[in-house]
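K.L.:
Take a look at this one; I'll ask things after.
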Amino acid sequence: MLRWWGGRTSPVAYGRGLVFRAVGGRVCAGARGHGCPLAAAVPGRSTGGLCPECARLDRARSVAADTFADDPRPYRVYLAWFGPGTVKAGITGEHRGPARLLEQGAVAFCWLGRGPLMAARRTEEVLRQALGVPDRVPYDRKRALRVALPDAGARAAEIEELYGRALGVGGWGETLDVLPFAAHDHGEAFGLGGLPALDGTVTELVDGGTVTGRVLAAAGPDLHLLDPGGRHLVLDGRLLGGWGLERGGEGDAWSVPVGRAPHRESAGQDGLF
């Protein structure tokens, strides 16, 4: 969904053309539903889209930042699959369902267990160490792995093997309810079938800069686009926060900076998820 200058929104559809330009300079999007009181400028390359003060406020009561440890609602532990050999362990509020997995761009996932927040957090750490999986996967690696993915059956088999190993790790089943294995797959929802080789990623938007292309796929915050020159490019939707967006017209040329594409072999293991 894109939000245009003036507040109107429109859906993003696979196979459809998309043309827009960034206007008005980039300002902090504010925190917790409130606008930034300073209307502070934000760097174009920032994926957070917030000034330092609003970023602190946004994380002041956050499970991810360990500043909301007294949430009484149940949580779930999961394994998220992003590509061959790349699985992470994490937790999410049960009330959110699979939303967290969709936000992260997990191609497939399974639930492991459910229970109180701190028990879920401890289990996440125990399983992460025992299985040798991270709690974060960098976005560059996720993007590189989305090209030439194995089929849904192979994805499910890799997650099931890790699920079985997780059951063999002692202790955590005493504090959480173990959930039966079921593989959930987002490949079709994300539109990831048959993506061409990746040619580059957008590094930032600029005032008056135009993005134009045909939408190939969308996973997490990433839009995969085929530009008029035939390049497969990724636009991280987090770069849009704080910009005004105007519809472009047919024939408008691409005019925002593009960096090199991440490669499967070189995309690092460190970074934010």
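In the structure tokens, chains take the letters A, B, ... in the order shown, each chain's residues start at 1, and ligands count up from 1 in the order shown.
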Assign secondary structure with DSSP using the backbone only, and return the residues of segment 30-269 of chain A in alpha helix (DSSP H) as a PDB file with N, CA and C atoms, in the first residue's frame.

P.N.:
```pdb
ATOM      1  N   PRO A  52      16.492  11.048  16.244  1.00  0.00           N
ATOM      2  CA  PRO A  52      16.932  10.331  17.455  1.00  0.00           C
ATOM      3  C   PRO A  52      15.932  10.389  18.602  1.00  0.00           C
ATOM      4  N   GLU A  53      15.287  11.531  18.815  1.00  0.00           N
ATOM      5  CA  GLU A  53      14.346  11.643  19.930  1.00  0.00           C
ATOM      6  C   GLU A  53      13.123  10.745  19.729  1.00  0.00           C
ATOM      7  N   CYS A  54      12.565  10.758  18.517  1.00  0.00           N
ATOM      8  CA  CYS A  54      11.400   9.917  18.238  1.00  0.00           C
ATOM      9  C   CYS A  54      11.774   8.436  18.228  1.00  0.00           C
ATOM     10  N   ALA A  55      12.989   8.129  17.801  1.00  0.00           N
ATOM     11  CA  ALA A  55      13.437   6.734  17.821  1.00  0.00           C
ATOM     12  C   ALA A  55      13.517   6.223  19.254  1.00  0.00           C
ATOM     13  N   ARG A  56      14.003   7.047  20.174  1.00  0.00           N
ATOM     14  CA  ARG A  56      14.054   6.646  21.583  1.00  0.00           C
ATOM     15  C   ARG A  56      12.649   6.427  22.145  1.00  0.00           C
ATOM     16  N   LEU A  57      11.731   7.324  21.796  1.00  0.00           N
ATOM     17  CA  LEU A  57      10.356   7.184  22.266  1.00  0.00           C
ATOM     18  C   LEU A  57       9.720   5.914  21.701  1.00  0.00           C
ATOM     19  N   ASP A  58       9.999   5.619  20.437  1.00  0.00           N
ATOM     20  CA  ASP A  58       9.408   4.454  19.782  1.00  0.00           C
ATOM     21  C   ASP A  58       9.847   3.152  20.445  1.00  0.00           C
ATOM     22  N   ALA A  99       1.911 -11.897  11.513  1.00  0.00           N
ATOM     23  CA  ALA A  99       2.266 -10.564  11.001  1.00  0.00           C
ATOM     24  C   ALA A  99       3.762 -10.293  11.083  1.00  0.00           C
ATOM     25  N   ARG A 100       4.399 -10.684  12.197  1.00  0.00           N
ATOM     26  CA  ARG A 100       5.839 -10.431  12.358  1.00  0.00           C
ATOM     27  C   ARG A 100       6.645 -11.155  11.296  1.00  0.00           C
ATOM     28  N   LEU A 101       6.228 -12.374  10.934  1.00  0.00           N
ATOM     29  CA  LEU A 101       6.945 -13.132   9.906  1.00  0.00           C
ATOM     30  C   LEU A 101       6.805 -12.480   8.540  1.00  0.00           C
ATOM     31  N   LEU A 102       5.620 -11.954   8.247  1.00  0.00           N
ATOM     32  CA  LEU A 102       5.401 -11.235   6.991  1.00  0.00           C
ATOM     33  C   LEU A 102       6.245  -9.966   6.949  1.00  0.00           C
ATOM     34  N   GLU A 103       6.306  -9.244   8.068  1.00  0.00           N
ATOM     35  CA  GLU A 103       7.084  -8.007   8.126  1.00  0.00           C
ATOM     36  C   GLU A 103       8.568  -8.256   7.875  1.00  0.00           C
ATOM     37  N   GLN A 104       9.064  -9.389   8.342  1.00  0.00           N
ATOM     38  CA  GLN A 104      10.481  -9.703   8.178  1.00  0.00           C
ATOM     39  C   GLN A 104      10.805 -10.266   6.801  1.00  0.00           C
ATOM     40  N   LEU A 117       6.002 -14.276  28.113  1.00  0.00           N
ATOM     41  CA  LEU A 117       7.025 -13.546  27.370  1.00  0.00           C
ATOM     42  C   LEU A 117       8.439 -13.935  27.780  1.00  0.00           C
ATOM     43  N   MET A 118       8.774 -13.871  29.064  1.00  0.00           N
ATOM     44  CA  MET A 118      10.154 -14.119  29.463  1.00  0.00           C
ATOM     45  C   MET A 118      10.556 -15.577  29.245  1.00  0.00           C
ATOM     46  N   ALA A 119       9.613 -16.508  29.395  1.00  0.00           N
ATOM     47  CA  ALA A 119       9.917 -17.907  29.092  1.00  0.00           C
ATOM     48  C   ALA A 119      10.184 -18.079  27.594  1.00  0.00           C
ATOM     49  N   ALA A 120       9.408 -17.380  26.760  1.00  0.00           N
ATOM     50  CA  ALA A 120       9.628 -17.441  25.313  1.00  0.00           C
ATOM     51  C   ALA A 120      10.973 -16.830  24.953  1.00  0.00           C
ATOM     52  N   ARG A 121      11.339 -15.726  25.602  1.00  0.00           N
ATOM     53  CA  ARG A 121      12.618 -15.082  25.327  1.00  0.00           C
ATOM     54  C   ARG A 121      13.785 -15.999  25.715  1.00  0.00           C
ATOM     55  N   ARG A 122      13.689 -16.648  26.878  1.00  0.00           N
ATOM     56  CA  ARG A 122      14.755 -17.572  27.292  1.00  0.00           C
ATOM     57  C   ARG A 122      14.858 -18.753  26.331  1.00  0.00           C
ATOM     58  N   THR A 123      13.702 -19.272  25.912  1.00  0.00           N
ATOM     59  CA  THR A 123      13.713 -20.401  24.975  1.00  0.00           C
ATOM     60  C   THR A 123      14.330 -20.004  23.643  1.00  0.00           C
ATOM     61  N   GLU A 124      14.009 -18.807  23.170  1.00  0.00           N
ATOM     62  CA  GLU A 124      14.605 -18.316  21.924  1.00  0.00           C
ATOM     63  C   GLU A 124      16.126 -18.359  22.009  1.00  0.00           C
ATOM     64  N   GLU A 125      16.684 -17.881  23.120  1.00  0.00           N
ATOM     65  CA  GLU A 125      18.136 -17.845  23.271  1.00  0.00           C
ATOM     66  C   GLU A 125      18.729 -19.242  23.385  1.00  0.00           C
ATOM     67  N   VAL A 126      18.077 -20.117  24.159  1.00  0.00           N
ATOM     68  CA  VAL A 126      18.561 -21.494  24.315  1.00  0.00           C
ATOM     69  C   VAL A 126      18.595 -22.203  22.959  1.00  0.00           C
ATOM     70  N   LEU A 127      17.508 -22.091  22.198  1.00  0.00           N
ATOM     71  CA  LEU A 127      17.430 -22.774  20.904  1.00  0.00           C
ATOM     72  C   LEU A 127      18.380 -22.154  19.887  1.00  0.00           C
ATOM     73  N   ARG A 128      18.529 -20.852  19.936  1.00  0.00           N
ATOM     74  CA  ARG A 128      19.453 -20.191  19.011  1.00  0.00           C
ATOM     75  C   ARG A 128      20.866 -20.742  19.193  1.00  0.00           C
ATOM     76  N   GLN A 129      21.286 -20.889  20.450  1.00  0.00           N
ATOM     77  CA  GLN A 129      22.627 -21.415  20.715  1.00  0.00           C
ATOM     78  C   GLN A 129      22.720 -22.898  20.356  1.00  0.00           C
ATOM     79  N   ALA A 130      21.694 -23.662  20.724  1.00  0.00           N
ATOM     80  CA  ALA A 130      21.743 -25.105  20.502  1.00  0.00           C
ATOM     81  C   ALA A 130      21.694 -25.465  19.014  1.00  0.00           C
ATOM     82  N   LEU A 131      20.912 -24.709  18.241  1.00  0.00           N
ATOM     83  CA  LEU A 131      20.739 -25.018  16.815  1.00  0.00           C
ATOM     84  C   LEU A 131      21.749 -24.299  15.937  1.00  0.00           C
ATOM     85  N   TYR A 139      19.177  -7.695   5.738  1.00  0.00           N
ATOM     86  CA  TYR A 139      18.299  -7.570   4.586  1.00  0.00           C
ATOM     87  C   TYR A 139      19.033  -7.876   3.279  1.00  0.00           C
ATOM     88  N   ASP A 140      20.298  -7.495   3.157  1.00  0.00           N
ATOM     89  CA  ASP A 140      21.024  -7.801   1.932  1.00  0.00           C
ATOM     90  C   ASP A 140      21.041  -9.302   1.670  1.00  0.00           C
ATOM     91  N   ARG A 141      21.201 -10.081   2.736  1.00  0.00           N
ATOM     92  CA  ARG A 141      21.219 -11.539   2.549  1.00  0.00           C
ATOM     93  C   ARG A 141      19.842 -12.050   2.143  1.00  0.00           C
ATOM     94  N   LYS A 142      18.801 -11.537   2.767  1.00  0.00           N
ATOM     95  CA  LYS A 142      17.450 -11.955   2.403  1.00  0.00           C
ATOM     96  C   LYS A 142      17.189 -11.697   0.919  1.00  0.00           C
ATOM     97  N   ARG A 143      17.587 -10.511   0.442  1.00  0.00           N
ATOM     98  CA  ARG A 143      17.342 -10.149  -0.962  1.00  0.00           C
ATOM     99  C   ARG A 143      18.104 -11.055  -1.910  1.00  0.00           C
ATOM    100  N   ALA A 144      19.357 -11.342  -1.572  1.00  0.00           N
ATOM    101  CA  ALA A 144      20.164 -12.195  -2.439  1.00  0.00           C
ATOM    102  C   ALA A 144      19.585 -13.600  -2.534  1.00  0.00           C
ATOM    103  N   LEU A 145      19.010 -14.098  -1.435  1.00  0.00           N
ATOM    104  CA  LEU A 145      18.517 -15.475  -1.395  1.00  0.00           C
ATOM    105  C   LEU A 145      17.174 -15.655  -2.081  1.00  0.00           C
ATOM    106  N   ALA A 152       8.571 -25.153  -2.411  1.00  0.00           N
ATOM    107  CA  ALA A 152       7.980 -25.109  -1.074  1.00  0.00           C
ATOM    108  C   ALA A 152       8.242 -26.392  -0.293  1.00  0.00           C
ATOM    109  N   GLY A 153       8.286 -27.534  -0.985  1.00  0.00           N
ATOM    110  CA  GLY A 153       8.551 -28.794  -0.302  1.00  0.00           C
ATOM    111  C   GLY A 153       9.937 -28.827   0.317  1.00  0.00           C
ATOM    112  N   ALA A 154      10.928 -28.350  -0.423  1.00  0.00           N
ATOM    113  CA  ALA A 154      12.298 -28.312   0.100  1.00  0.00           C
ATOM    114  C   ALA A 154      12.411 -27.321   1.257  1.00  0.00           C
ATOM    115  N   ARG A 155      11.689 -26.225   1.163  1.00  0.00           N
ATOM    116  CA  ARG A 155      11.706 -25.240   2.249  1.00  0.00           C
ATOM    117  C   ARG A 155      11.133 -25.858   3.529  1.00  0.00           C
ATOM    118  N   ALA A 156       9.993 -26.545   3.375  1.00  0.00           N
ATOM    119  CA  ALA A 156       9.355 -27.165   4.530  1.00  0.00           C
ATOM    120  C   ALA A 156      10.256 -28.242   5.140  1.00  0.00           C
ATOM    121  N   ALA A 157      10.956 -28.997   4.297  1.00  0.00           N
ATOM    122  CA  ALA A 157      11.804 -30.080   4.790  1.00  0.00           C
ATOM    123  C   ALA A 157      12.952 -29.530   5.630  1.00  0.00           C
ATOM    124  N   GLU A 158      13.522 -28.402   5.217  1.00  0.00           N
ATOM    125  CA  GLU A 158      14.630 -27.831   5.982  1.00  0.00           C
ATOM    126  C   GLU A 158      14.146 -27.324   7.346  1.00  0.00           C
ATOM    127  N   ILE A 159      12.972 -26.690   7.362  1.00  0.00           N
ATOM    128  CA  ILE A 159      12.434 -26.212   8.637  1.00  0.00           C
ATOM    129  C   ILE A 159      12.076 -27.403   9.540  1.00  0.00           C
ATOM    130  N   GLU A 160      11.492 -28.458   8.967  1.00  0.00           N
ATOM    131  CA  GLU A 160      11.088 -29.610   9.772  1.00  0.00           C
ATOM    132  C   GLU A 160      12.292 -30.277  10.422  1.00  0.00           C
ATOM    133  N   GLU A 161      13.414 -30.333   9.695  1.00  0.00           N
ATOM    134  CA  GLU A 161      14.616 -30.936  10.262  1.00  0.00           C
ATOM    135  C   GLU A 161      15.076 -30.148  11.483  1.00  0.00           C
ATOM    136  N   LEU A 162      15.047 -28.807  11.403  1.00  0.00           N
ATOM    137  CA  LEU A 162      15.435 -27.974  12.538  1.00  0.00           C
ATOM    138  C   LEU A 162      14.428 -28.083  13.679  1.00  0.00           C
ATOM    139  N   TYR A 163      13.139 -28.161  13.322  1.00  0.00           N
ATOM    140  CA  TYR A 163      12.105 -28.353  14.344  1.00  0.00           C
ATOM    141  C   TYR A 163      12.383 -29.622  15.144  1.00  0.00           C
ATOM    142  N   GLY A 164      12.728 -30.716  14.464  1.00  0.00           N
ATOM    143  CA  GLY A 164      13.036 -31.966  15.149  1.00  0.00           C
ATOM    144  C   GLY A 164      14.234 -31.821  16.070  1.00  0.00           C
ATOM    145  N   ARG A 165      15.248 -31.102  15.615  1.00  0.00           N
ATOM    146  CA  ARG A 165      16.413 -30.872  16.466  1.00  0.00           C
ATOM    147  C   ARG A 165      16.031 -30.027  17.680  1.00  0.00           C
ATOM    148  N   ALA A 166      15.136 -29.056  17.479  1.00  0.00           N
ATOM    149  CA  ALA A 166      14.708 -28.201  18.596  1.00  0.00           C
ATOM    150  C   ALA A 166      14.008 -29.022  19.667  1.00  0.00           C
ATOM    151  N   LEU A 167      13.206 -30.004  19.266  1.00  0.00           N
ATOM    152  CA  LEU A 167      12.508 -30.845  20.242  1.00  0.00           C
ATOM    153  C   LEU A 167      13.494 -31.640  21.099  1.00  0.00           C
ATOM    154  N   GLY A 187       5.819 -17.899  -0.055  1.00  0.00           N
ATOM    155  CA  GLY A 187       6.376 -17.701  -1.388  1.00  0.00           C
ATOM    156  C   GLY A 187       5.370 -17.168  -2.386  1.00  0.00           C
ATOM    157  N   GLU A 188       4.166 -17.741  -2.382  1.00  0.00           N
ATOM    158  CA  GLU A 188       3.131 -17.293  -3.327  1.00  0.00           C
ATOM    159  C   GLU A 188       2.606 -15.917  -2.940  1.00  0.00           C
ATOM    160  N   ALA A 189       2.394 -15.693  -1.644  1.00  0.00           N
ATOM    161  CA  ALA A 189       1.894 -14.393  -1.198  1.00  0.00           C
ATOM    162  C   ALA A 189       2.864 -13.269  -1.546  1.00  0.00           C
ATOM    163  N   PHE A 190       4.166 -13.560  -1.468  1.00  0.00           N
ATOM    164  CA  PHE A 190       5.176 -12.558  -1.791  1.00  0.00           C
ATOM    165  C   PHE A 190       5.408 -12.418  -3.288  1.00  0.00           C
TER     166      PHE A 190
END
```

K.L.:
Write out as a list in words all residues of segment 152-197 of chain A that backbone DSSP assigns to strand (DSSP E or B).

P.N.:
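Selection result, strand (DSSP E or B) within segment 152-197 of chain A: Asp177, Val178, His184 and Asp185 of chain A.
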
K.L.:
Just the residues within 12 Å of Gly213 of chain A, please, counting only C-alpha atoms, with nothing from its chain fewer than 5 positions along; format it as a ChimeraX atom specification.

P.N.:
/A:12-20,223-235,248-255

K.L.:
Quick one: everything within 9 Å of Trp111 of chain A, counting only C-alpha atoms, minus sequence neighbours fewer than 4 positions away in the same chain. Send it as a PyMOL selection string.

P.N.:
chain A and resi 76-80+163+178-184

K.L.:
For the residues in that selection, give me C-alpha atoms as a short mmCIF file (atom, residue, chain, number, x, y, z; two decimals), in the first residue's frame.

P.N.:
```
data_model
loop_
_atom_site.label_atom_id
_atom_site.label_comp_id
_atom_site.auth_asym_id
_atom_site.auth_seq_id
_atom_site.Cartn_x
_atom_site.Cartn_y
_atom_site.Cartn_z
CA ARG A 76 5.19 -17.70 20.46
CA VAL A 77 8.68 -18.89 19.50
CA TYR A 78 9.26 -19.55 15.81
CA LEU A 79 11.82 -20.60 13.20
CA ALA A 80 11.84 -18.35 10.11
CA TYR A 163 12.10 -28.35 14.34
CA VAL A 178 5.28 -27.26 22.53
CA LEU A 179 3.32 -26.73 19.31
CA PRO A 180 2.99 -29.45 16.62
CA PHE A 181 4.96 -29.00 13.42
CA ALA A 182 3.29 -27.25 10.50
CA ALA A 183 5.16 -25.45 7.72
CA HIS A 184 3.72 -22.10 6.65
#
```

K.L.:
Please compute the atom CA of Arg214 of chain A-atom CA of Pro11 of chain A distance, one decimal, in Å.

P.N.:
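These two atoms are separated by 13.6 Å.
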
K.L.:
Between A:Val169, A:Val137, A:Leu195, A:Leu240, which is the closest to Phe82 of chain A once you count only C-alpha atoms?

P.N.:
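Using only C-alpha atoms, the shortest distance to Phe82 of chain A belongs to A:Val137.
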
K.L.:
Using only C-alpha atoms, which residues sit within 7 Å of Arg45 of chain A once same-chain residues fewer than 2 positions away are excluded, as a list in words?

P.N.:
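Selected residues are Pro43, Thr47, Thr203, Glu204 and Leu239 of chain A.
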
K.L.:
Using Å and a single decimal, report how far atom CA of Trp81 of chain A sits from atom CA of Ala106 of chain A.

P.N.:
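Going from atom CA of Ala106 of chain A over to atom CA of Trp81 of chain A, I get 5.7 Å.
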
K.L.:
A:Gly193, A:Pro150, A:Gly209, A:Gly113: which is nearest Asp177 of chain A, counting only C-alpha atoms?

P.N.:
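Among A:Gly193, A:Pro150, A:Gly209, A:Gly113, it is A:Gly113 that comes nearest to Asp177 of chain A.
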
K.L.:
Considering only C-alpha atoms, state which residue in the set A:Gly241, A:Thr86, A:Val258, A:Pro134 is at the smallest distance from Ala41 of chain A.

P.N.:
A:Gly241

K.L.:
Using only C-alpha atoms, which of A:Asp199, A:Gly220, A:Leu50, A:Thr212 sits nearest His34 of chain A?

P.N.:
A:Leu50

K.L.:
As an exercise, work out the distance from atom CA of Thr9 of chain A to atom CA of Thr201 of chain A in Å and give it to one decimal place.

P.N.:
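Distance reported for this atom pair: 24.2 Å.
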
K.L.:
Of the residues A:Trp243, A:Leu198, A:Arg59, A:Arg260, which is the one nearest to Ala39 of chain A, using only C-alpha atoms?

P.N.:
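Counting only C-alpha atoms, the residue closest to Ala39 of chain A is A:Trp243.
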